[in-house]
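Only one structure is covered here, and it is reproduced in the block below.
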Amino acid sequence: MSTSQETSGANAEQIETWNGTTGEKWVAHQDRLDRMLAPFGEKLLEAAHVQPGEHVLDIGCGCGVTTLDVARAAGAGGHVLGVDISAPMIARARDRAAAEGSTATFELADASSHAFAPGTYDLVVSRFGVMFFDDPVGAFANLHTALKQTGRLVFVCWRPLGENAWVSVPLRAALAHVAPPAPPPPGTPGPFAFADKAHVTGILESAGFREIALTPFDATLTLGASGPGAMDEALLQTSEIGPVSRLLADQPDEVRARVRASIREALAEHLTANGMSLGGAVWIVTARA
């Protein structure tokens with residue numbers, strides 16, 4: 001297994017980010033995030049139709065929940081490899097696999113340039129792990145090479161921010177106190193880089209894929225957990241993960257306090273008996289090699 005990776009060139013900024021406090025925060029919030037994103041993981045598995053004995057590659061596997069789910073579906077005769085650029089998250093994924101006795105394996109590597117054995121995999125999957133490539137066409141061309149001629153690609157990516165209340169509601173509350181950052185150029189790597197259907201289709205076509213389909217899927221997401229601490233958990237998660245956390249990174253304590261108070265007020269409208277419930281909107285993307 002690889003234990004280090006190149007930190008210059010393509011994706012260098014992303015590698016630095018996900019091996020710093022961002023990766024550590026995702027590990028710390030792993031249970032909360034897995035619960036929140038579970039509806040999309042389930043939809044991904046449904047679309048992937050993993051067959052017993054298949055060889056599967058999971059891109060941007062994070063802390064490993066999707067890789068482990070796929071490994072169960074592929075069974076003892078299959079092989080599932082999870083790849084990520086974040087050392088803290090790969091370490092957590094390996095611990096989870098060991099605790100479960102899973103056959104899934106994990107590698108610290110940049111999927112955009114890693115030398116996968118050509119024609120090895122029946123299936124490439126990803127749950128929110130493919131929107132961060134500096135050169136998405138080159139990255140998907142590399143993944144295309146890893147697939148068998150009959151191979152398929154299935155991934156989940158976010159639709160526009162405005163359709164994702166779990167992000168937009170707390171973000172609007174924060175922007176009442178903090179100046180918005182300059183909008184990034186189109187195609188800049190980030191959570192919503194694949195929001196545009198035509199953009200994604202063009203990338204995949206250029207990388208050699210065919211039979212490309214993007215199907216919208218919406219779900220109600222639960223931030224934090226249910227119970228008396230639901231509000232505090234949702235506020236903590238919102239403040240430490242996602243665009244609000246980036247807005248607050250260099251702000252003084254008094255601004256942070258005002259932002260958290262406004263977010264708490266905005267989230268209160270979405271508190272239910274099951275926890276903090278807000279909408280999430282994604283594309284389920286499928287293609288053939």
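Each chain in the structure tokens gets a letter, A, B and so on, in the order shown; residues start at 1 in every chain, and ligands are counted from 1 in the order they appear.
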
Closest atom pairs, region 134-201 of chain A residues within 12 Å of region 30-41 of chain A, only C-alpha atoms, as a Markdown table:
```
| residue | atom | partner | partner_atom | distance |
| --- | --- | --- | --- | --- |
| A:Val154 | CA | A:Gly41 | CA | 11.3 |
| A:Phe155 | CA | A:Gly41 | CA | 9.7 |
| A:Val156 | CA | A:Phe40 | CA | 7.3 |
| A:Cys157 | CA | A:Phe40 | CA | 9.4 |
| A:Trp158 | CA | A:Phe40 | CA | 10.3 |
| A:Trp166 | CA | A:Met36 | CA | 9.9 |
```

Let me see the file: selected residues, C-alpha atoms, as a PDB file, in the first residue's frame.
```pdb
ATOM      1  CA  VAL A 154     -21.409   5.664 -11.147  1.00  0.00           C
ATOM      2  CA  PHE A 155     -21.003   8.697  -8.917  1.00  0.00           C
ATOM      3  CA  VAL A 156     -22.959  11.196  -6.861  1.00  0.00           C
ATOM      4  CA  CYS A 157     -22.290  14.942  -7.023  1.00  0.00           C
ATOM      5  CA  TRP A 158     -24.099  18.010  -5.728  1.00  0.00           C
ATOM      6  CA  TRP A 166     -28.449  22.058   4.166  1.00  0.00           C
TER       7      TRP A 166
END
```

Non-local contacts of region 181-188 of chain A (9 Å; only C-alpha atoms; under 3 positions in same chain excluded) as a PyMOL selection string = chain A and resi 131-134+178+192-194+199+247

Please produce a file of those selected residues containing N, CA and C atoms, as a PDB file, in the first residue's frame.
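Done, and the output landed in again_11.pdb:
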```
ATOM      1  N   MET A 131     -15.286  15.921  -7.519  1.00  0.00           N
ATOM      2  CA  MET A 131     -15.508  17.319  -7.914  1.00  0.00           C
ATOM      3  C   MET A 131     -14.301  18.205  -7.626  1.00  0.00           C
ATOM      4  N   PHE A 132     -13.193  17.601  -7.211  1.00  0.00           N
ATOM      5  CA  PHE A 132     -12.059  18.384  -6.729  1.00  0.00           C
ATOM      6  C   PHE A 132     -10.825  18.280  -7.622  1.00  0.00           C
ATOM      7  N   PHE A 133     -10.962  17.671  -8.798  1.00  0.00           N
ATOM      8  CA  PHE A 133      -9.817  17.512  -9.694  1.00  0.00           C
ATOM      9  C   PHE A 133      -9.461  18.849 -10.356  1.00  0.00           C
ATOM     10  N   ASP A 134      -8.164  19.201 -10.386  1.00  0.00           N
ATOM     11  CA  ASP A 134      -7.719  20.382 -11.121  1.00  0.00           C
ATOM     12  C   ASP A 134      -7.968  20.218 -12.612  1.00  0.00           C
ATOM     13  N   VAL A 178     -20.635  38.391   7.486  1.00  0.00           N
ATOM     14  CA  VAL A 178     -19.327  38.235   6.859  1.00  0.00           C
ATOM     15  C   VAL A 178     -19.460  38.507   5.361  1.00  0.00           C
ATOM     16  N   PHE A 192     -19.389  22.125  -5.437  1.00  0.00           N
ATOM     17  CA  PHE A 192     -20.443  22.353  -6.424  1.00  0.00           C
ATOM     18  C   PHE A 192     -19.883  22.515  -7.834  1.00  0.00           C
ATOM     19  N   ALA A 193     -18.683  22.017  -8.062  1.00  0.00           N
ATOM     20  CA  ALA A 193     -18.045  22.143  -9.368  1.00  0.00           C
ATOM     21  C   ALA A 193     -18.780  21.369 -10.456  1.00  0.00           C
ATOM     22  N   PHE A 194     -19.547  20.342 -10.072  1.00  0.00           N
ATOM     23  CA  PHE A 194     -20.261  19.513 -11.046  1.00  0.00           C
ATOM     24  C   PHE A 194     -21.772  19.768 -11.008  1.00  0.00           C
ATOM     25  N   HIS A 199     -21.874  20.628 -18.204  1.00  0.00           N
ATOM     26  CA  HIS A 199     -20.445  20.634 -17.856  1.00  0.00           C
ATOM     27  C   HIS A 199     -19.961  19.215 -17.548  1.00  0.00           C
ATOM     28  N   LEU A 247     -15.629  30.507   5.749  1.00  0.00           N
ATOM     29  CA  LEU A 247     -15.919  31.919   6.006  1.00  0.00           C
ATOM     30  C   LEU A 247     -15.417  32.358   7.383  1.00  0.00           C
TER      31      LEU A 247
END
```

Determine, counting only C-alpha atoms, which protein, DNA and RNA residues have an atom within 8 Å of an atom of Leu153 (chain A); residues of the same chain fewer than 5 positions away are not included. Present the result as a list in words.
-> Ala48, Leu123, Val124, Val125, Val285, Thr286, Ala287, Arg288 and Ala289 of chain A

How about saving the chosen residues, all heavy atoms kept, as a PDB file, in the first residue's frame?
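Generated file (selection32.pdb):
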```pdb
ATOM      1  N   ALA A  48     -25.463   1.524  -8.845  1.00  0.00           N
ATOM      2  CA  ALA A  48     -24.241   0.816  -9.235  1.00  0.00           C
ATOM      3  C   ALA A  48     -24.486  -0.650  -9.565  1.00  0.00           C
ATOM      4  O   ALA A  48     -23.729  -1.244 -10.345  1.00  0.00           O
ATOM      5  CB  ALA A  48     -23.208   0.929  -8.115  1.00  0.00           C
ATOM      6  N   LEU A 123     -16.078  -1.588 -12.260  1.00  0.00           N
ATOM      7  CA  LEU A 123     -16.902  -0.467 -11.809  1.00  0.00           C
ATOM      8  C   LEU A 123     -16.043   0.548 -11.070  1.00  0.00           C
ATOM      9  O   LEU A 123     -15.194   0.178 -10.255  1.00  0.00           O
ATOM     10  CB  LEU A 123     -18.009  -1.000 -10.878  1.00  0.00           C
ATOM     11  CG  LEU A 123     -18.879  -0.014 -10.125  1.00  0.00           C
ATOM     12  CD1 LEU A 123     -19.747   0.797 -11.089  1.00  0.00           C
ATOM     13  CD2 LEU A 123     -19.774  -0.759  -9.123  1.00  0.00           C
ATOM     14  N   VAL A 124     -16.264   1.824 -11.378  1.00  0.00           N
ATOM     15  CA  VAL A 124     -15.703   2.934 -10.601  1.00  0.00           C
ATOM     16  C   VAL A 124     -16.869   3.682  -9.972  1.00  0.00           C
ATOM     17  O   VAL A 124     -17.838   4.041 -10.662  1.00  0.00           O
ATOM     18  CB  VAL A 124     -14.872   3.890 -11.476  1.00  0.00           C
ATOM     19  CG1 VAL A 124     -14.504   5.154 -10.696  1.00  0.00           C
ATOM     20  CG2 VAL A 124     -13.613   3.206 -11.977  1.00  0.00           C
ATOM     21  N   VAL A 125     -16.808   3.889  -8.656  1.00  0.00           N
ATOM     22  CA  VAL A 125     -17.868   4.605  -7.949  1.00  0.00           C
ATOM     23  C   VAL A 125     -17.261   5.774  -7.173  1.00  0.00           C
ATOM     24  O   VAL A 125     -16.058   5.810  -6.911  1.00  0.00           O
ATOM     25  CB  VAL A 125     -18.630   3.691  -6.960  1.00  0.00           C
ATOM     26  CG1 VAL A 125     -19.294   2.544  -7.690  1.00  0.00           C
ATOM     27  CG2 VAL A 125     -17.710   3.184  -5.856  1.00  0.00           C
ATOM     28  N   VAL A 285     -24.931  10.127 -11.420  1.00  0.00           N
ATOM     29  CA  VAL A 285     -24.304  10.107 -12.737  1.00  0.00           C
ATOM     30  C   VAL A 285     -23.881   8.682 -13.085  1.00  0.00           C
ATOM     31  O   VAL A 285     -23.220   8.005 -12.289  1.00  0.00           O
ATOM     32  CB  VAL A 285     -23.063  11.028 -12.770  1.00  0.00           C
ATOM     33  CG1 VAL A 285     -22.474  11.081 -14.185  1.00  0.00           C
ATOM     34  CG2 VAL A 285     -23.433  12.435 -12.303  1.00  0.00           C
ATOM     35  N   THR A 286     -24.291   8.226 -14.265  1.00  0.00           N
ATOM     36  CA  THR A 286     -23.911   6.901 -14.734  1.00  0.00           C
ATOM     37  C   THR A 286     -23.322   7.014 -16.136  1.00  0.00           C
ATOM     38  O   THR A 286     -23.715   7.893 -16.922  1.00  0.00           O
ATOM     39  CB  THR A 286     -25.106   5.924 -14.765  1.00  0.00           C
ATOM     40  OG1 THR A 286     -26.125   6.474 -15.613  1.00  0.00           O
ATOM     41  CG2 THR A 286     -25.676   5.739 -13.364  1.00  0.00           C
ATOM     42  N   ALA A 287     -22.373   6.141 -16.429  1.00  0.00           N
ATOM     43  CA  ALA A 287     -21.749   6.125 -17.754  1.00  0.00           C
ATOM     44  C   ALA A 287     -21.107   4.778 -17.993  1.00  0.00           C
ATOM     45  O   ALA A 287     -20.907   3.984 -17.063  1.00  0.00           O
ATOM     46  CB  ALA A 287     -20.720   7.243 -17.878  1.00  0.00           C
ATOM     47  N   ARG A 288     -20.770   4.517 -19.253  1.00  0.00           N
ATOM     48  CA  ARG A 288     -20.096   3.284 -19.638  1.00  0.00           C
ATOM     49  C   ARG A 288     -18.749   3.605 -20.266  1.00  0.00           C
ATOM     50  O   ARG A 288     -18.579   4.639 -20.902  1.00  0.00           O
ATOM     51  CB  ARG A 288     -20.952   2.504 -20.633  1.00  0.00           C
ATOM     52  CG  ARG A 288     -22.273   2.030 -20.054  1.00  0.00           C
ATOM     53  CD  ARG A 288     -22.352   0.538 -20.075  1.00  0.00           C
ATOM     54  NE  ARG A 288     -23.518   0.050 -19.351  1.00  0.00           N
ATOM     55  CZ  ARG A 288     -23.514  -1.071 -18.658  1.00  0.00           C
ATOM     56  NH1 ARG A 288     -22.395  -1.788 -18.571  1.00  0.00           N
ATOM     57  NH2 ARG A 288     -24.596  -1.497 -18.033  1.00  0.00           N
ATOM     58  N   ALA A 289     -17.815   2.677 -20.082  1.00  0.00           N
ATOM     59  CA  ALA A 289     -16.493   2.861 -20.674  1.00  0.00           C
ATOM     60  C   ALA A 289     -16.522   2.655 -22.175  1.00  0.00           C
ATOM     61  O   ALA A 289     -15.713   3.206 -22.884  1.00  0.00           O
ATOM     62  CB  ALA A 289     -15.500   1.899 -20.029  1.00  0.00           C
TER      63      ALA A 289
END
```

Could you name the residues that touch region 262-274 of chain A at 10 Å or less, counting only C-alpha atoms, but leaving out those on the same chain fewer than 3 positions away, as JSON, numbers by chain?
-> {"A": [166, 169, 170, 171, 172, 173, 174, 175, 176, 177, 222, 223, 225, 226, 227, 228, 230, 231, 232, 234, 235, 238, 239, 244, 256, 257, 258, 259, 277, 278, 279]}

Fewer than 4 positions away in the same chain doesn't count, so skip those; otherwise give me all residues within 10 Å of Asn142 (chain A), counting only C-alpha atoms, as a PyMOL selection string.
-> chain A and resi 111-116+118+136-138+146-147+207-208
